[in-house]
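Chemist: This is the structure I have questions about; it appears just below.
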Amino acid sequence: MKVLLTGDRGQLGTALRATLTDHDVTGFDLPEVDITVKEALFTAVSAAKPDVIIHCAAYTNVDGCAKDPALAYRANGLGTQNVALACLEFGAEMVHVSTNEVFAGDRPDGYEEWMTMNPVNAYGRSKAAAEFHVRNILPRHYITRTAWLYAPGGRNFIHAILNRARDTGQVRVVVDEVGNPTYANDLAQAIAQLIETHQYGTYHFVNSGATSRWEFANEILRQAGLETIVNTPILSKEFKRASTPPPYAALHNIAGQAIGITLRSWQAALAAYVQEHIAA
Ligand SMILES: NC(=O)c1ccc[n+]([C@@H]2O[C@H](COP(=O)([O-])OP(=O)(O)OC[C@H]3O[C@@H](n4cnc5c(N)ncnc54)[C@H](OP(=O)(O)O)[C@@H]3O)[C@@H](O)[C@H]2O)c1
C-alpha cells in the first residue's frame, strides 16, 4: 500500500515509519509542507499518489492552544479539513489521529467511541472540529483517538518526570487527572492493522487500563530505578497552566477489540519502553 504520513517527524510519525516496513511510505512535516496551506498540501499529495494518508500532523502544545485558540483551529481544524479534501480529490483513504481531549472528562468510568464529544479546552475544541470535518468530507475514513502518547525523543510526560527527578530529586504530580498512557509504537501497530481492514469508523487506541498522572509518575520512577525520589500528589488547581485538561477522560478500546485489534496494558508498554529506551 502507498502510505503518506503528515507530521512524519513527530512521535507517532516516527513510530509509523519504523512499523510500516511492508508498505511504500513517504511523508512530510514542517517546514517543507504546511497542511494549512492547501495548494502546497495538494501538490504533495498529488505527487505521492497515496492509497491512504495517516494524518499525524497537529499543533499538540495544549497550553499553546489555550493561549492562541485561533492558531489551534487553523492547524488542527482547518489543516485537517485540507487533508480530508486532499484525500477526496486524489482518491485516498484517511486515518485521522484524535485525542481523549475531545471529551469533557466528567466520566470516572471513561469513554467509549460512540459517546458525544464535549471538549473543555482550545486543543480539544480544535481536534473536535477536525473530527467534524473528516466525517463531513470523506466517507472512507478512520478516526483513531489516543491519549498521553510517548516516544523516544518526544516532548512527553515520561521525559518531563525523569528530567525533573534527576534535576531536583523530587517531583510533584497531579492526582486528579486520569487517562491512558500510550506507547507510540503500540498505537502505530494498531493503525497498521486497521488500514488492512477497510472497516471505516471511530476507534479508541490506547494502552489498556487507566491511571492518574501521579500513579503513572510512580510507575515511571519505579521502572527507571528511581523509586527513592519523593513523588508528592497535588491537585490540578495547585498546578498552574494555561490549558485545563479533562479530569477523567480515560478511553475504552471497544470498536478495535471487536475486530481483533487490542493493545497491551499501559504498565507492560511502559516496561517495554523503559527497557528499550531508558535503561539501555
Ligand atoms: N502527544 C500526545 O500526548 C497526544 C495525545 C492524544 C492525541 N495526540 C494526537 O496524535 C497525533 C500525533 O501526535 P504526536 O505526539 O506524534 O505529535 P508531535 O510529536 O507534536 O508531532 C506532530 C508533528 O506535526 C507537525 N506539525 C504541526 N503543525 C503542522 C502543520 N501546520 N503542517 C505540517 N506539520 C505540522 C509538528 O511540527 P513542529 O514540531 O515543527 O510543530 C510535528 O512534527 C496528533 O494528531 C495529536 O493531536 C497526541
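Here's how to read the names in the C-alpha cells: chain A, B, ... by the order shown, residue numbers from 1 in each chain, ligand numbers from 1 in the order shown.
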Compute the set of protein, DNA and RNA residues whose minimum atom distance to ligand 1 is at most 8 Å, using only C-alpha atoms and all ligand atoms, and state it as a PyMOL selection string.
Modeler: chain A and resi 6-14+28-37+55-61+74-76+79+96-101+127+145-151+154-156+184
Chemist: Using only C-alpha atoms, which protein or nucleic acid residues come within 7 Å of segment 220-230 of chain A? Drop anything in the same chain fewer than 2 positions from it, and give the result as a list in words.
Modeler: Ile158, Ala165, Gly169, Gln170, Val171, Phe216, Ala217, Asn218, Thr232, Ala271, Val274 and Ala279 of chain A
Chemist: Take atom CA of Leu194 of chain A and atom CA of Ala15 of chain A and report the distance between them in Å, one decimal.
Modeler: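 It comes out at 15.4 Å.
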Chemist: Do a neighbour search on segment 251-262 of chain A at 10 Å with only C-alpha atoms, toss out local chain neighbours closer than 3 positions, and write the hits as number ranges by chain.
Modeler: A: 99-100, 103, 109-114, 144-147, 178-180, 186-187, 189-191, 193-194, 197, 199, 201-210, 248, 265
Chemist: Out of segment 97-244 of chain A, which residues get helix (DSSP H, G or I) from DSSP, as a ChimeraX atom specification?
Modeler: /A:100-102,122-137,157-168,184-194,213-223,236-238
Chemist: Within 9 Å of Ala192 of chain A, counting only C-alpha atoms, which residues qualify if same-chain residues fewer than 3 places away don't, as a list in words?
Modeler: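 Listing them by chain and then by number gives Leu16, Thr19, Leu20, Leu187, Ala188, Gln189, Ile195 and Glu196 of chain A.
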Chemist: Tell me, as a list of chain:residue names, which residues lie within 12 Å of Cys65 of chain A, counting only C-alpha atoms; anything in the same chain fewer than 2 positions away does not count.
Modeler: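 Once the adjacent positions are removed, what remains is A:Ala58, A:Tyr59, A:Thr60, A:Asn61, A:Val62, A:Asp63, A:Lys67, A:Asp68, A:Pro69, A:Ala70, A:Leu71, A:Ala72, A:Tyr73, A:Arg74, A:Ala75, A:Asn76, A:Gly77, A:Asn121, A:Ala122, A:Tyr123, A:Gly124, A:Arg125, A:Ser126, A:Lys127, A:Arg241, A:Ala242, A:Ser243, A:Thr244, A:Pro245.
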Chemist: Which residue, A:Leu270, A:Leu138, A:Met115, A:Val45, has the smallest gap to Thr182 of chain A when you use only C-alpha atoms?
Modeler: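 Looking only at the distances to Thr182 of chain A, the closest residue turns out to be A:Leu270.
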Chemist: Counting only C-alpha atoms, what is within 10 Å of Ile234 of chain A, bar same-chain residues fewer than 2 positions away, as a short mmCIF file (atom, residue, chain, number, x, y, z; two decimals) with C-alpha atoms, in the first residue's frame?
Modeler:
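Final output, saved to out-v3.cif:
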```cif
data_model
loop_
_atom_site.label_atom_id
_atom_site.label_comp_id
_atom_site.auth_asym_id
_atom_site.auth_seq_id
_atom_site.Cartn_x
_atom_site.Cartn_y
_atom_site.Cartn_z
CA ARG A 172 5.01 16.99 42.37
CA VAL A 173 2.34 15.46 40.15
CA VAL A 174 -1.42 15.92 39.77
CA VAL A 175 -3.53 13.12 41.13
CA ASP A 176 -6.91 14.27 39.78
CA TRP A 214 0.55 10.69 39.86
CA ASN A 231 6.59 11.95 44.38
CA THR A 232 4.11 14.33 46.05
CA SER A 236 -4.75 20.26 39.33
CA LYS A 237 -5.77 23.58 40.87
CA GLU A 238 -2.31 23.73 42.51
CA PHE A 239 -0.58 23.24 39.14
#
```
Chemist: Give the strand (DSSP E or B) residues of segment 19-260 of chain A, as DSSP finds them on the backbone, and put them as an NGL selection string.
Modeler: :A and (24-28 or 52-55 or 93-99 or 106 or 111 or 141-146 or 149-150 or 170-174 or 178-179 or 182-183 or 201-204 or 208 or 211-212 or 230-234 or 248 or 251)
Chemist: Tell me, in Å to one decimal, how far atom CA of Ala66 of chain A is from atom CA of Val102 of chain A.
Modeler: 14.2 Å
Chemist: One number please: atom CA of Ala129 of chain A to atom CA of Val3 of chain A, in Å, one decimal.
Modeler: 24.2 Å
Chemist: Contacts of Ala86 of chain A at 12 Å or less, counting only C-alpha atoms, minus same-chain residues fewer than 6 places along, as an mmCIF file with N, CA and C atoms, in the first residue's frame?
Modeler:
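around.cif written:
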```
data_model
loop_
_atom_site.group_PDB
_atom_site.id
_atom_site.type_symbol
_atom_site.label_atom_id
_atom_site.label_comp_id
_atom_site.auth_asym_id
_atom_site.auth_seq_id
_atom_site.Cartn_x
_atom_site.Cartn_y
_atom_site.Cartn_z
ATOM 1 N N LEU A 4 1.048 7.821 2.911
ATOM 2 C CA LEU A 4 1.638 9.151 3.103
ATOM 3 C C LEU A 4 1.383 9.590 4.542
ATOM 4 N N ILE A 35 0.232 21.966 6.358
ATOM 5 C CA ILE A 35 -1.116 21.485 5.986
ATOM 6 C C ILE A 35 -2.156 22.601 5.944
ATOM 7 N N THR A 36 -1.831 23.748 6.523
ATOM 8 C CA THR A 36 -2.799 24.858 6.474
ATOM 9 C C THR A 36 -2.723 25.600 5.137
ATOM 10 N N VAL A 37 -1.696 25.282 4.332
ATOM 11 C CA VAL A 37 -1.562 25.896 3.001
ATOM 12 C C VAL A 37 -2.052 24.865 1.978
ATOM 13 N N LYS A 38 -3.293 25.036 1.540
ATOM 14 C CA LYS A 38 -3.966 23.986 0.767
ATOM 15 C C LYS A 38 -3.225 23.657 -0.529
ATOM 16 N N GLU A 39 -2.719 24.671 -1.216
ATOM 17 C CA GLU A 39 -2.068 24.421 -2.506
ATOM 18 C C GLU A 39 -0.820 23.555 -2.307
ATOM 19 N N ALA A 40 -0.017 23.887 -1.289
ATOM 20 C CA ALA A 40 1.217 23.115 -1.035
ATOM 21 C C ALA A 40 0.866 21.676 -0.668
ATOM 22 N N LEU A 41 -0.181 21.519 0.127
ATOM 23 C CA LEU A 41 -0.605 20.181 0.531
ATOM 24 C C LEU A 41 -1.080 19.376 -0.682
ATOM 25 N N PHE A 42 -1.902 20.003 -1.523
ATOM 26 C CA PHE A 42 -2.430 19.293 -2.695
ATOM 27 C C PHE A 42 -1.292 18.888 -3.632
ATOM 28 N N THR A 43 -0.297 19.742 -3.774
ATOM 29 C CA THR A 43 0.846 19.408 -4.636
ATOM 30 C C THR A 43 1.570 18.176 -4.080
ATOM 31 N N ALA A 44 1.773 18.136 -2.757
ATOM 32 C CA ALA A 44 2.480 16.998 -2.138
ATOM 33 C C ALA A 44 1.665 15.718 -2.281
ATOM 34 N N VAL A 45 0.357 15.791 -2.092
ATOM 35 C CA VAL A 45 -0.477 14.583 -2.171
ATOM 36 C C VAL A 45 -0.579 14.107 -3.615
ATOM 37 N N SER A 46 -0.702 15.049 -4.525
ATOM 38 C CA SER A 46 -0.782 14.694 -5.944
ATOM 39 C C SER A 46 0.491 13.969 -6.388
ATOM 40 N N ALA A 47 1.644 14.404 -5.886
ATOM 41 C CA ALA A 47 2.916 13.763 -6.266
ATOM 42 C C ALA A 47 3.045 12.386 -5.636
ATOM 43 N N ALA A 48 2.567 12.222 -4.404
ATOM 44 C CA ALA A 48 2.751 10.944 -3.691
ATOM 45 C C ALA A 48 1.742 9.875 -4.141
ATOM 46 N N LYS A 49 0.585 10.296 -4.623
ATOM 47 C CA LYS A 49 -0.487 9.369 -5.044
ATOM 48 C C LYS A 49 -0.730 8.264 -4.013
ATOM 49 N N PRO A 50 -1.030 8.618 -2.774
ATOM 50 C CA PRO A 50 -1.154 7.581 -1.730
ATOM 51 C C PRO A 50 -2.477 6.823 -1.815
ATOM 52 N N ASP A 51 -2.455 5.566 -1.334
ATOM 53 C CA ASP A 51 -3.708 4.834 -1.100
ATOM 54 C C ASP A 51 -4.350 5.318 0.194
ATOM 55 N N VAL A 52 -3.499 5.683 1.147
ATOM 56 C CA VAL A 52 -4.010 6.144 2.440
ATOM 57 C C VAL A 52 -3.089 7.235 2.994
ATOM 58 N N ILE A 53 -3.696 8.263 3.571
ATOM 59 C CA ILE A 53 -2.919 9.272 4.304
ATOM 60 C C ILE A 53 -3.152 9.034 5.790
ATOM 61 N N HIS A 55 -2.769 10.841 9.084
ATOM 62 C CA HIS A 55 -2.630 12.272 9.413
ATOM 63 C C HIS A 55 -2.197 12.438 10.876
ATOM 64 N N GLY A 79 -6.383 22.651 9.042
ATOM 65 C CA GLY A 79 -5.357 21.777 8.458
ATOM 66 C C GLY A 79 -5.923 20.392 8.171
ATOM 67 N N THR A 80 -6.712 19.866 9.104
ATOM 68 C CA THR A 80 -7.308 18.536 8.902
ATOM 69 C C THR A 80 -8.367 18.574 7.811
ATOM 70 N N ALA A 92 -7.742 8.945 -1.862
ATOM 71 C CA ALA A 92 -7.072 8.211 -0.779
ATOM 72 C C ALA A 92 -8.024 8.010 0.405
ATOM 73 N N GLU A 93 -7.777 6.923 1.151
ATOM 74 C CA GLU A 93 -8.410 6.773 2.460
ATOM 75 C C GLU A 93 -7.656 7.664 3.445
ATOM 76 N N MET A 94 -8.263 7.888 4.613
ATOM 77 C CA MET A 94 -7.592 8.748 5.609
ATOM 78 C C MET A 94 -7.691 8.117 6.994
ATOM 79 N N VAL A 134 -13.563 15.743 9.024
ATOM 80 C CA VAL A 134 -13.277 14.434 8.411
ATOM 81 C C VAL A 134 -14.586 13.691 8.148
ATOM 82 N N ILE A 137 -16.549 15.316 5.224
ATOM 83 C CA ILE A 137 -15.959 15.400 3.882
ATOM 84 C C ILE A 137 -15.733 14.035 3.260
ATOM 85 N N LEU A 138 -15.293 13.078 4.082
ATOM 86 C CA LEU A 138 -14.698 11.872 3.497
ATOM 87 C C LEU A 138 -15.347 10.592 4.032
#
```
